[in-house]
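Reproduced below: query32.pdb, with PDB, N, CA and C atoms.
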```pdb
ATOM      1  N   MET A  28     -14.699  31.422  -5.674
ATOM      2  CA  MET A  28     -13.800  30.511  -6.371
ATOM      3  C   MET A  28     -12.776  29.978  -5.360
ATOM      4  N   PRO A  29     -12.621  28.670  -5.273
ATOM      5  CA  PRO A  29     -11.665  28.112  -4.309
ATOM      6  C   PRO A  29     -10.221  28.372  -4.739
ATOM      7  N   LEU A  30      -9.356  28.475  -3.749
ATOM      8  CA  LEU A  30      -7.950  28.707  -4.045
ATOM      9  C   LEU A  30      -7.276  27.443  -4.565
ATOM     10  N   LEU A  31      -7.718  26.294  -4.063
ATOM     11  CA  LEU A  31      -7.174  25.003  -4.498
ATOM     12  C   LEU A  31      -8.314  24.084  -4.900
ATOM     13  N   THR A  32      -8.086  23.298  -5.921
ATOM     14  CA  THR A  32      -9.058  22.256  -6.233
ATOM     15  C   THR A  32      -8.762  21.056  -5.342
ATOM     16  N   TRP A  33      -9.712  20.137  -5.254
ATOM     17  CA  TRP A  33      -9.491  18.934  -4.446
ATOM     18  C   TRP A  33      -8.315  18.131  -4.999
ATOM     19  N   ARG A  34      -8.172  18.130  -6.300
ATOM     20  CA  ARG A  34      -7.075  17.389  -6.914
ATOM     21  C   ARG A  34      -5.718  17.990  -6.543
ATOM     22  N   GLU A  35      -5.642  19.321  -6.559
ATOM     23  CA  GLU A  35      -4.396  19.980  -6.173
ATOM     24  C   GLU A  35      -4.071  19.712  -4.704
ATOM     25  N   LEU A  36      -5.096  19.778  -3.843
ATOM     26  CA  LEU A  36      -4.890  19.501  -2.426
ATOM     27  C   LEU A  36      -4.383  18.079  -2.215
ATOM     28  N   ALA A  37      -4.977  17.124  -2.920
ATOM     29  CA  ALA A  37      -4.526  15.735  -2.802
ATOM     30  C   ALA A  37      -3.078  15.596  -3.264
ATOM     31  N   GLY A  38      -2.709  16.338  -4.307
ATOM     32  CA  GLY A  38      -1.323  16.310  -4.781
ATOM     33  C   GLY A  38      -0.353  16.836  -3.743
ATOM     34  N   TYR A  39      -0.741  17.909  -3.065
ATOM     35  CA  TYR A  39       0.119  18.453  -2.011
ATOM     36  C   TYR A  39       0.248  17.480  -0.842
ATOM     37  N   ILE A  40      -0.842  16.842  -0.481
ATOM     38  CA  ILE A  40      -0.797  15.894   0.637
ATOM     39  C   ILE A  40       0.086  14.702   0.293
ATOM     40  N   ARG A  41       0.004  14.213  -0.953
ATOM     41  CA  ARG A  41       0.848  13.081  -1.362
ATOM     42  C   ARG A  41       2.332  13.432  -1.312
ATOM     43  N   GLN A  42       2.671  14.710  -1.456
ATOM     44  CA  GLN A  42       4.067  15.126  -1.467
ATOM     45  C   GLN A  42       4.605  15.479  -0.084
ATOM     46  N   LEU A  43       3.768  15.357   0.942
ATOM     47  CA  LEU A  43       4.241  15.620   2.300
ATOM     48  C   LEU A  43       5.287  14.590   2.696
ATOM     49  N   PRO A  44       6.172  14.923   3.616
ATOM     50  CA  PRO A  44       7.136  13.928   4.102
ATOM     51  C   PRO A  44       6.412  12.734   4.720
ATOM     52  N   ALA A  45       7.074  11.590   4.715
ATOM     53  CA  ALA A  45       6.447  10.358   5.185
ATOM     54  C   ALA A  45       6.017  10.432   6.645
ATOM     55  N   ARG A  46       6.729  11.177   7.475
ATOM     56  CA  ARG A  46       6.402  11.254   8.894
ATOM     57  C   ARG A  46       5.553  12.476   9.253
ATOM     58  N   ALA A  47       4.977  13.128   8.254
ATOM     59  CA  ALA A  47       4.134  14.299   8.521
ATOM     60  C   ALA A  47       2.882  13.868   9.280
ATOM     61  N   ARG A  48       2.469  14.682  10.223
ATOM     62  CA  ARG A  48       1.311  14.334  11.057
ATOM     63  C   ARG A  48       0.051  14.171  10.213
ATOM     64  N   THR A  49      -0.077  14.932   9.152
ATOM     65  CA  THR A  49      -1.260  14.816   8.299
ATOM     66  C   THR A  49      -1.340  13.429   7.685
ATOM     67  N   ARG A  50      -0.222  12.925   7.182
ATOM     68  CA  ARG A  50      -0.220  11.592   6.578
ATOM     69  C   ARG A  50      -0.472  10.515   7.625
ATOM     70  N   LEU A  51       0.106  10.676   8.810
ATOM     71  CA  LEU A  51      -0.117   9.697   9.873
ATOM     72  C   LEU A  51      -1.576   9.717  10.319
ATOM     73  N   ALA A  52      -2.188  10.911  10.381
ATOM     74  CA  ALA A  52      -3.592  11.018  10.775
ATOM     75  C   ALA A  52      -4.509  10.383   9.738
ATOM     76  N   MET A  53      -4.072  10.363   8.491
ATOM     77  CA  MET A  53      -4.870   9.738   7.433
ATOM     78  C   MET A  53      -4.719   8.223   7.431
ATOM     79  N   GLY A  54      -3.866   7.703   8.305
ATOM     80  CA  GLY A  54      -3.703   6.257   8.406
ATOM     81  C   GLY A  54      -2.557   5.688   7.596
ATOM     82  N   GLU A  55      -1.759   6.526   6.994
ATOM     83  CA  GLU A  55      -0.617   6.040   6.217
ATOM     84  C   GLU A  55       0.523   5.732   7.180
ATOM     85  N   THR A  56       1.006   4.506   7.145
ATOM     86  CA  THR A  56       2.055   4.089   8.071
ATOM     87  C   THR A  56       3.381   3.850   7.360
ATOM     88  N   ASP A  57       3.490   4.272   6.108
ATOM     89  CA  ASP A  57       4.723   4.030   5.358
ATOM     90  C   ASP A  57       5.933   4.691   6.006
ATOM     91  N   GLY A  58       5.771   5.850   6.604
ATOM     92  CA  GLY A  58       6.905   6.583   7.124
ATOM     93  C   GLY A  58       7.167   6.386   8.598
ATOM     94  N   VAL A  59       6.455   5.464   9.248
ATOM     95  CA  VAL A  59       6.632   5.269  10.676
ATOM     96  C   VAL A  59       8.004   4.685  10.974
ATOM     97  N   TRP A  60       8.439   3.778  10.145
ATOM     98  CA  TRP A  60       9.756   3.166  10.337
ATOM     99  C   TRP A  60      10.777   3.846   9.453
ATOM    100  N   GLY A  61      11.960   4.060  10.004
ATOM    101  CA  GLY A  61      13.080   4.581   9.232
ATOM    102  C   GLY A  61      13.976   3.428   8.783
ATOM    103  N   LEU A  62      15.124   3.793   8.245
ATOM    104  CA  LEU A  62      16.068   2.793   7.759
ATOM    105  C   LEU A  62      16.542   1.877   8.878
ATOM    106  N   GLN A  63      16.835   2.450  10.046
ATOM    107  CA  GLN A  63      17.342   1.636  11.160
ATOM    108  C   GLN A  63      16.335   0.574  11.587
ATOM    109  N   GLU A  64      15.069   0.949  11.654
ATOM    110  CA  GLU A  64      14.047  -0.010  12.059
ATOM    111  C   GLU A  64      13.896  -1.134  11.040
ATOM    112  N   HIS A  65      13.963  -0.780   9.754
ATOM    113  CA  HIS A  65      13.864  -1.812   8.724
ATOM    114  C   HIS A  65      15.068  -2.756   8.770
ATOM    115  N   LEU A  66      16.255  -2.211   8.985
ATOM    116  CA  LEU A  66      17.444  -3.059   9.077
ATOM    117  C   LEU A  66      17.385  -3.964  10.305
ATOM    118  N   GLN A  67      16.890  -3.449  11.412
ATOM    119  CA  GLN A  67      16.745  -4.255  12.628
ATOM    120  C   GLN A  67      15.768  -5.402  12.391
ATOM    121  N   ALA A  68      14.641  -5.125  11.748
ATOM    122  CA  ALA A  68      13.662  -6.180  11.458
ATOM    123  C   ALA A  68      14.255  -7.219  10.511
ATOM    124  N   LEU A  69      15.029  -6.774   9.533
ATOM    125  CA  LEU A  69      15.675  -7.702   8.610
ATOM    126  C   LEU A  69      16.663  -8.600   9.341
ATOM    127  N   THR A  70      17.435  -8.021  10.249
ATOM    128  CA  THR A  70      18.389  -8.802  11.042
ATOM    129  C   THR A  70      17.673  -9.859  11.878
ATOM    130  N   ILE A  71      16.597  -9.471  12.515
ATOM    131  CA  ILE A  71      15.835 -10.423  13.333
ATOM    132  C   ILE A  71      15.267 -11.534  12.462
ATOM    133  N   ASP A  72      14.725 -11.177  11.299
ATOM    134  CA  ASP A  72      14.178 -12.196  10.392
ATOM    135  C   ASP A  72      15.247 -13.191   9.967
ATOM    136  N   GLU A  73      16.436 -12.681   9.623
ATOM    137  CA  GLU A  73      17.510 -13.571   9.178
ATOM    138  C   GLU A  73      17.978 -14.490  10.312
ATOM    139  N   LEU A  74      18.060 -13.967  11.522
ATOM    140  CA  LEU A  74      18.447 -14.803  12.660
ATOM    141  C   LEU A  74      17.403 -15.880  12.938
ATOM    142  N   ARG A  75      16.146 -15.526  12.828
ATOM    143  CA  ARG A  75      15.092 -16.514  13.046
ATOM    144  C   ARG A  75      15.141 -17.618  11.994
ATOM    145  N   VAL A  76      15.405 -17.263  10.740
ATOM    146  CA  VAL A  76      15.516 -18.270   9.684
ATOM    147  C   VAL A  76      16.729 -19.163   9.924
ATOM    148  N   ALA A  77      17.848 -18.565  10.327
ATOM    149  CA  ALA A  77      19.055 -19.364  10.591
ATOM    150  C   ALA A  77      18.811 -20.336  11.742
ATOM    151  N   ASN A  78      18.155 -19.889  12.802
ATOM    152  CA  ASN A  78      17.852 -20.785  13.915
ATOM    153  C   ASN A  78      16.887 -21.883  13.492
ATOM    154  N   TRP A  79      15.924 -21.550  12.652
ATOM    155  CA  TRP A  79      14.970 -22.543  12.156
ATOM    156  C   TRP A  79      15.690 -23.604  11.319
ATOM    157  N   GLN A  80      16.643 -23.153  10.487
ATOM    158  CA  GLN A  80      17.393 -24.097   9.668
ATOM    159  C   GLN A  80      18.212 -25.046  10.539
ATOM    160  N   ARG A  81      18.874 -24.510  11.564
ATOM    161  CA  ARG A  81      19.665 -25.367  12.463
ATOM    162  C   ARG A  81      18.774 -26.319  13.247
ATOM    163  N   GLN A  82      17.624 -25.860  13.654
ATOM    164  CA  GLN A  82      16.696 -26.686  14.415
ATOM    165  C   GLN A  82      16.210 -27.872  13.581
ATOM    166  N   ASN A  83      16.014 -27.671  12.286
ATOM    167  CA  ASN A  83      15.467 -28.712  11.421
ATOM    168  C   ASN A  83      16.537 -29.456  10.631
ATOM    169  N   GLU A  84      17.791 -29.280  10.987
ATOM    170  CA  GLU A  84      18.875 -29.959  10.276
ATOM    171  C   GLU A  84      18.798 -31.460  10.548
ATOM    172  N   GLY A  85      18.789 -32.233   9.492
ATOM    173  CA  GLY A  85      18.744 -33.685   9.620
ATOM    174  C   GLY A  85      17.362 -34.241   9.929
ATOM    175  N   VAL A  86      16.352 -33.409   9.940
ATOM    176  CA  VAL A  86      14.984 -33.856  10.216
ATOM    177  C   VAL A  86      14.264 -34.025   8.882
ATOM    178  N   LYS A  87      13.456 -35.084   8.769
ATOM    179  CA  LYS A  87      12.701 -35.308   7.540
ATOM    180  C   LYS A  87      11.787 -34.117   7.272
ATOM    181  N   ALA A  88      11.547 -33.868   5.992
ATOM    182  CA  ALA A  88      10.735 -32.712   5.611
ATOM    183  C   ALA A  88       9.344 -32.770   6.235
ATOM    184  N   SER A  89       8.791 -33.959   6.365
ATOM    185  CA  SER A  89       7.453 -34.075   6.944
ATOM    186  C   SER A  89       7.446 -33.799   8.446
ATOM    187  N   GLN A  90       8.603 -33.901   9.097
ATOM    188  CA  GLN A  90       8.699 -33.705  10.539
ATOM    189  C   GLN A  90       9.174 -32.301  10.920
ATOM    190  N   GLN A  91       9.565 -31.501   9.935
ATOM    191  CA  GLN A  91      10.111 -30.175  10.221
ATOM    192  C   GLN A  91       9.026 -29.220  10.696
ATOM    193  N   SER A  92       9.443 -28.285  11.523
ATOM    194  CA  SER A  92       8.524 -27.242  11.959
ATOM    195  C   SER A  92       8.328 -26.238  10.824
ATOM    196  N   LYS A  93       7.313 -25.403  10.949
ATOM    197  CA  LYS A  93       7.040 -24.412   9.915
ATOM    198  C   LYS A  93       8.106 -23.322   9.957
ATOM    199  N   PRO A  94       8.461 -22.752   8.794
ATOM    200  CA  PRO A  94       9.447 -21.671   8.787
ATOM    201  C   PRO A  94       8.883 -20.441   9.502
ATOM    202  N   PRO A  95       9.759 -19.608  10.065
ATOM    203  CA  PRO A  95       9.279 -18.435  10.801
ATOM    204  C   PRO A  95       8.632 -17.411   9.868
ATOM    205  N   VAL A  96       7.653 -16.720  10.404
ATOM    206  CA  VAL A  96       6.962 -15.663   9.666
ATOM    207  C   VAL A  96       7.747 -14.369   9.858
ATOM    208  N   PRO A  97       8.049 -13.645   8.777
ATOM    209  CA  PRO A  97       8.790 -12.377   8.924
ATOM    210  C   PRO A  97       8.014 -11.366   9.750
ATOM    211  N   ILE A  98       8.733 -10.470  10.389
ATOM    212  CA  ILE A  98       8.125  -9.393  11.148
ATOM    213  C   ILE A  98       7.378  -8.496  10.168
ATOM    214  N   SER A  99       6.153  -8.156  10.520
ATOM    215  CA  SER A  99       5.390  -7.284   9.620
ATOM    216  C   SER A  99       5.952  -5.874   9.690
ATOM    217  N   ARG A 100       6.003  -5.248   8.540
ATOM    218  CA  ARG A 100       6.545  -3.904   8.434
ATOM    219  C   ARG A 100       5.447  -2.938   8.022
ATOM    220  N   PRO A 101       5.529  -1.697   8.480
ATOM    221  CA  PRO A 101       4.510  -0.716   8.098
ATOM    222  C   PRO A 101       4.494  -0.496   6.590
ATOM    223  N   GLY A 102       3.297  -0.407   6.056
ATOM    224  CA  GLY A 102       3.161  -0.123   4.637
ATOM    225  C   GLY A 102       3.189  -1.338   3.748
ATOM    226  N   THR A 103       3.536  -2.509   4.278
ATOM    227  CA  THR A 103       3.592  -3.707   3.449
ATOM    228  C   THR A 103       2.418  -4.629   3.696
ATOM    229  N   GLY A 104       1.691  -4.411   4.762
ATOM    230  CA  GLY A 104       0.600  -5.304   5.097
ATOM    231  C   GLY A 104      -0.688  -5.006   4.366
ATOM    232  N   ARG A 105      -0.831  -3.810   3.869
ATOM    233  CA  ARG A 105      -2.077  -3.473   3.203
ATOM    234  C   ARG A 105      -1.956  -3.754   1.712
ATOM    235  N   VAL A 106      -2.584  -4.790   1.320
ATOM    236  CA  VAL A 106      -2.595  -5.167  -0.083
ATOM    237  C   VAL A 106      -3.957  -4.788  -0.634
ATOM    238  N   ARG A 107      -3.957  -3.990  -1.629
ATOM    239  CA  ARG A 107      -5.224  -3.570  -2.221
ATOM    240  C   ARG A 107      -5.753  -4.663  -3.116
ATOM    241  N   ASP A 108      -7.010  -4.966  -2.931
ATOM    242  CA  ASP A 108      -7.671  -5.929  -3.792
ATOM    243  C   ASP A 108      -8.185  -5.177  -5.011
ATOM    244  N   LYS A 109      -7.644  -5.497  -6.164
ATOM    245  CA  LYS A 109      -8.023  -4.771  -7.372
ATOM    246  C   LYS A 109      -9.459  -5.064  -7.782
ATOM    247  N   ASN A 110     -10.018  -6.135  -7.260
ATOM    248  CA  ASN A 110     -11.384  -6.484  -7.618
ATOM    249  C   ASN A 110     -12.323  -6.419  -6.422
ATOM    250  N   SER A 111     -12.039  -5.533  -5.478
ATOM    251  CA  SER A 111     -12.943  -5.354  -4.353
ATOM    252  C   SER A 111     -14.210  -4.668  -4.865
ATOM    253  N   PRO A 112     -15.330  -4.848  -4.190
ATOM    254  CA  PRO A 112     -16.580  -4.221  -4.658
ATOM    255  C   PRO A 112     -16.472  -2.698  -4.779
ATOM    256  N   GLU A 113     -15.729  -2.076  -3.875
ATOM    257  CA  GLU A 113     -15.593  -0.625  -3.937
ATOM    258  C   GLU A 113     -14.854  -0.199  -5.202
ATOM    259  N   ARG A 114     -13.771  -0.911  -5.509
ATOM    260  CA  ARG A 114     -12.984  -0.541  -6.694
ATOM    261  C   ARG A 114     -13.744  -0.834  -7.975
ATOM    262  N   ILE A 115     -14.506  -1.915  -7.989
ATOM    263  CA  ILE A 115     -15.325  -2.227  -9.169
ATOM    264  C   ILE A 115     -16.353  -1.127  -9.381
ATOM    265  N   ALA A 116     -16.993  -0.668  -8.294
ATOM    266  CA  ALA A 116     -17.987   0.402  -8.404
ATOM    267  C   ALA A 116     -17.342   1.697  -8.892
ATOM    268  N   LYS A 117     -16.144   2.010  -8.394
ATOM    269  CA  LYS A 117     -15.459   3.228  -8.836
ATOM    270  C   LYS A 117     -15.102   3.153 -10.319
ATOM    271  N   ARG A 118     -14.625   1.989 -10.767
ATOM    272  CA  ARG A 118     -14.294   1.831 -12.188
ATOM    273  C   ARG A 118     -15.536   1.975 -13.054
ATOM    274  N   LYS A 119     -16.648   1.383 -12.618
ATOM    275  CA  LYS A 119     -17.889   1.463 -13.372
ATOM    276  C   LYS A 119     -18.357   2.917 -13.467
ATOM    277  N   ALA A 120     -18.296   3.658 -12.353
ATOM    278  CA  ALA A 120     -18.699   5.063 -12.359
ATOM    279  C   ALA A 120     -17.796   5.883 -13.275
ATOM    280  N   ALA A 121     -16.497   5.598 -13.257
ATOM    281  CA  ALA A 121     -15.558   6.325 -14.124
ATOM    282  C   ALA A 121     -15.858   6.047 -15.594
ATOM    283  N   ARG A 122     -16.163   4.795 -15.920
ATOM    284  CA  ARG A 122     -16.512   4.462 -17.308
ATOM    285  C   ARG A 122     -17.789   5.181 -17.735
ATOM    286  N   GLN A 123     -18.774   5.262 -16.831
ATOM    287  CA  GLN A 123     -20.018   5.954 -17.144
ATOM    288  C   GLN A 123     -19.773   7.444 -17.367
ATOM    289  N   ARG A 124     -18.925   8.053 -16.519
ATOM    290  CA  ARG A 124     -18.606   9.473 -16.707
ATOM    291  C   ARG A 124     -17.884   9.696 -18.030
ATOM    292  N   ALA A 125     -16.965   8.799 -18.375
ATOM    293  CA  ALA A 125     -16.230   8.929 -19.639
ATOM    294  C   ALA A 125     -17.176   8.772 -20.829
ATOM    295  N   ALA A 126     -18.099   7.821 -20.750
ATOM    296  CA  ALA A 126     -19.051   7.619 -21.845
ATOM    297  C   ALA A 126     -19.960   8.836 -21.997
ATOM    298  N   GLU A 127     -20.408   9.396 -20.878
ATOM    299  CA  GLU A 127     -21.253  10.596 -20.922
ATOM    300  C   GLU A 127     -20.484  11.774 -21.515
ATOM    301  N   ARG A 128     -19.227  11.905 -21.150
ATOM    302  CA  ARG A 128     -18.403  13.002 -21.686
ATOM    303  C   ARG A 128     -18.194  12.823 -23.196
ATOM    304  N   ARG A 129     -17.913  11.590 -23.637
ATOM    305  CA  ARG A 129     -17.748  11.341 -25.081
ATOM    306  C   ARG A 129     -19.036  11.660 -25.836
ATOM    307  N   ARG A 130     -20.184  11.285 -25.238
ATOM    308  CA  ARG A 130     -21.468  11.575 -25.864
ATOM    309  C   ARG A 130     -21.670  13.080 -25.990
ATOM    310  N   ALA A 131     -21.330  13.825 -24.926
ATOM    311  CA  ALA A 131     -21.506  15.278 -24.950
ATOM    312  C   ALA A 131     -20.560  15.922 -25.971
ATOM    313  N   ILE A 132     -19.386  15.402 -26.115
ATOM    314  CA  ILE A 132     -18.418  15.943 -27.093
ATOM    315  C   ILE A 132     -18.917  15.705 -28.512
ATOM    316  N   THR A 133     -19.401  14.472 -28.795
ATOM    317  CA  THR A 133     -19.889  14.182 -30.147
ATOM    318  C   THR A 133     -21.163  14.954 -30.460
ATOM    319  N   ALA A 134     -21.965  15.270 -29.448
ATOM    320  CA  ALA A 134     -23.189  16.041 -29.667
ATOM    321  C   ALA A 134     -22.899  17.536 -29.803
ATOM    322  N   GLY A 135     -21.658  17.951 -29.531
ATOM    323  CA  GLY A 135     -21.273  19.346 -29.653
ATOM    324  C   GLY A 135     -21.587  20.171 -28.426
ATOM    325  N   GLU A 136     -21.976  19.515 -27.341
ATOM    326  CA  GLU A 136     -22.281  20.236 -26.095
ATOM    327  C   GLU A 136     -21.001  20.713 -25.407
ATOM    328  N   ILE A 137     -19.930  19.988 -25.629
ATOM    329  CA  ILE A 137     -18.615  20.338 -25.054
ATOM    330  C   ILE A 137     -17.658  20.502 -26.219
ATOM    331  N   THR A 138     -16.899  21.566 -26.194
ATOM    332  CA  THR A 138     -15.911  21.769 -27.277
ATOM    333  C   THR A 138     -14.524  21.637 -26.747
TER     334      THR A 138
END
```

Please re-express this file's structure in structure tokens.
Amino acid sequence: MPLLTWRELAGYIRQLPARARTRLAMGETDGVWGLQEHLQALTIDELRVANWQRQNEGVKASQQSKPPVPISRPGTGRVRDKNSPERIAKRKAARQRAAERRRAITAGEIT
């Protein structure tokens, strides 16, 4: 009998500190930057926007340069596609497992 189930282990890993080596090894970059790094990136972004505004002052909208792109921050670049093929397959498998479980419950196989 295992001491921990996979679900319990996943729960413990999710509760690790953001800068824990285990989370970093799993590819999670949320904890790489601290408050100071985020504030520094925000300051740089605001300065770039202010310079862009001054540069384009009095220039027609069609002649203006493009606004600056914000500095990418860890943890914000990965946007999960809710309709990716992998997620659709996982949802379909979960629905099939739920339907099978409901069938087994109504048949009296599971109490």

Point to revise | Selection: 7 Å around stretch 52-68 of chain A, only C-alpha atoms, excl. self and same-chain fewer than 6 positions, as an MDAnalysis selection string | key: chainID A and resid 45:46 98 101:102

Check your understanding: Between atom CA of A:Arg75 and atom N of A:Lys87, what is the distance, to one decimal in Å?
Key -> 19.1 Å

Give me the residues near A:Ala37 as a CSV table (one decimal) with N, CA and C atoms, keeping the file's coordinate frame, where near means some atom within 12 Å (using only C-alpha atoms) and where sequence neighbours in that chain fewer than 5 positions away do not count.
```
chain,number,residue,atom,x,y,z
A,31,LEU,N,-7.7,26.3,-4.1
A,31,LEU,CA,-7.2,25.0,-4.5
A,31,LEU,C,-8.3,24.1,-4.9
A,32,THR,N,-8.1,23.3,-5.9
A,32,THR,CA,-9.1,22.3,-6.2
A,32,THR,C,-8.8,21.1,-5.3
A,42,GLN,N,2.7,14.7,-1.5
A,42,GLN,CA,4.1,15.1,-1.5
A,42,GLN,C,4.6,15.5,-0.1
A,43,LEU,N,3.8,15.4,0.9
A,43,LEU,CA,4.2,15.6,2.3
A,43,LEU,C,5.3,14.6,2.7
A,49,THR,N,-0.1,14.9,9.2
A,49,THR,CA,-1.3,14.8,8.3
A,49,THR,C,-1.3,13.4,7.7
A,50,ARG,N,-0.2,12.9,7.2
A,50,ARG,CA,-0.2,11.6,6.6
A,50,ARG,C,-0.5,10.5,7.6
A,53,MET,N,-4.1,10.4,8.5
A,53,MET,CA,-4.9,9.7,7.4
A,53,MET,C,-4.7,8.2,7.4
```

Practice item. Could you tell me how far atom C of A:Pro94 lies from atom CA of A:Ala77, in Å and to one decimal? Key: 10.3 Å

Practice item. Just give me the gap between atom CA of A:Trp79 and atom N of A:Pro95 in Å, one decimal is fine. Key: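 According to the coordinates, atom CA of A:Trp79 and atom N of A:Pro95 are separated by 6.3 Å.
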
If you take every atom of stretch 37-43 of chain A that the file lists and fit an axis-aligned box around them with 5 Å extra on each side, what centre and edge lengths come out in Å to one decimal, as lines of an AutoDock Vina configuration file?
```
center_x = 0.2
center_y = 15.8
center_z = -1.0
size_x = 20.3
size_y = 15.4
size_z = 17.5
```

Point to revise | Every residue of chain A that DSSP places in alpha helix (DSSP H), as a ChimeraX atom specification | key: /A:33-41,48-52,62-82,112-133
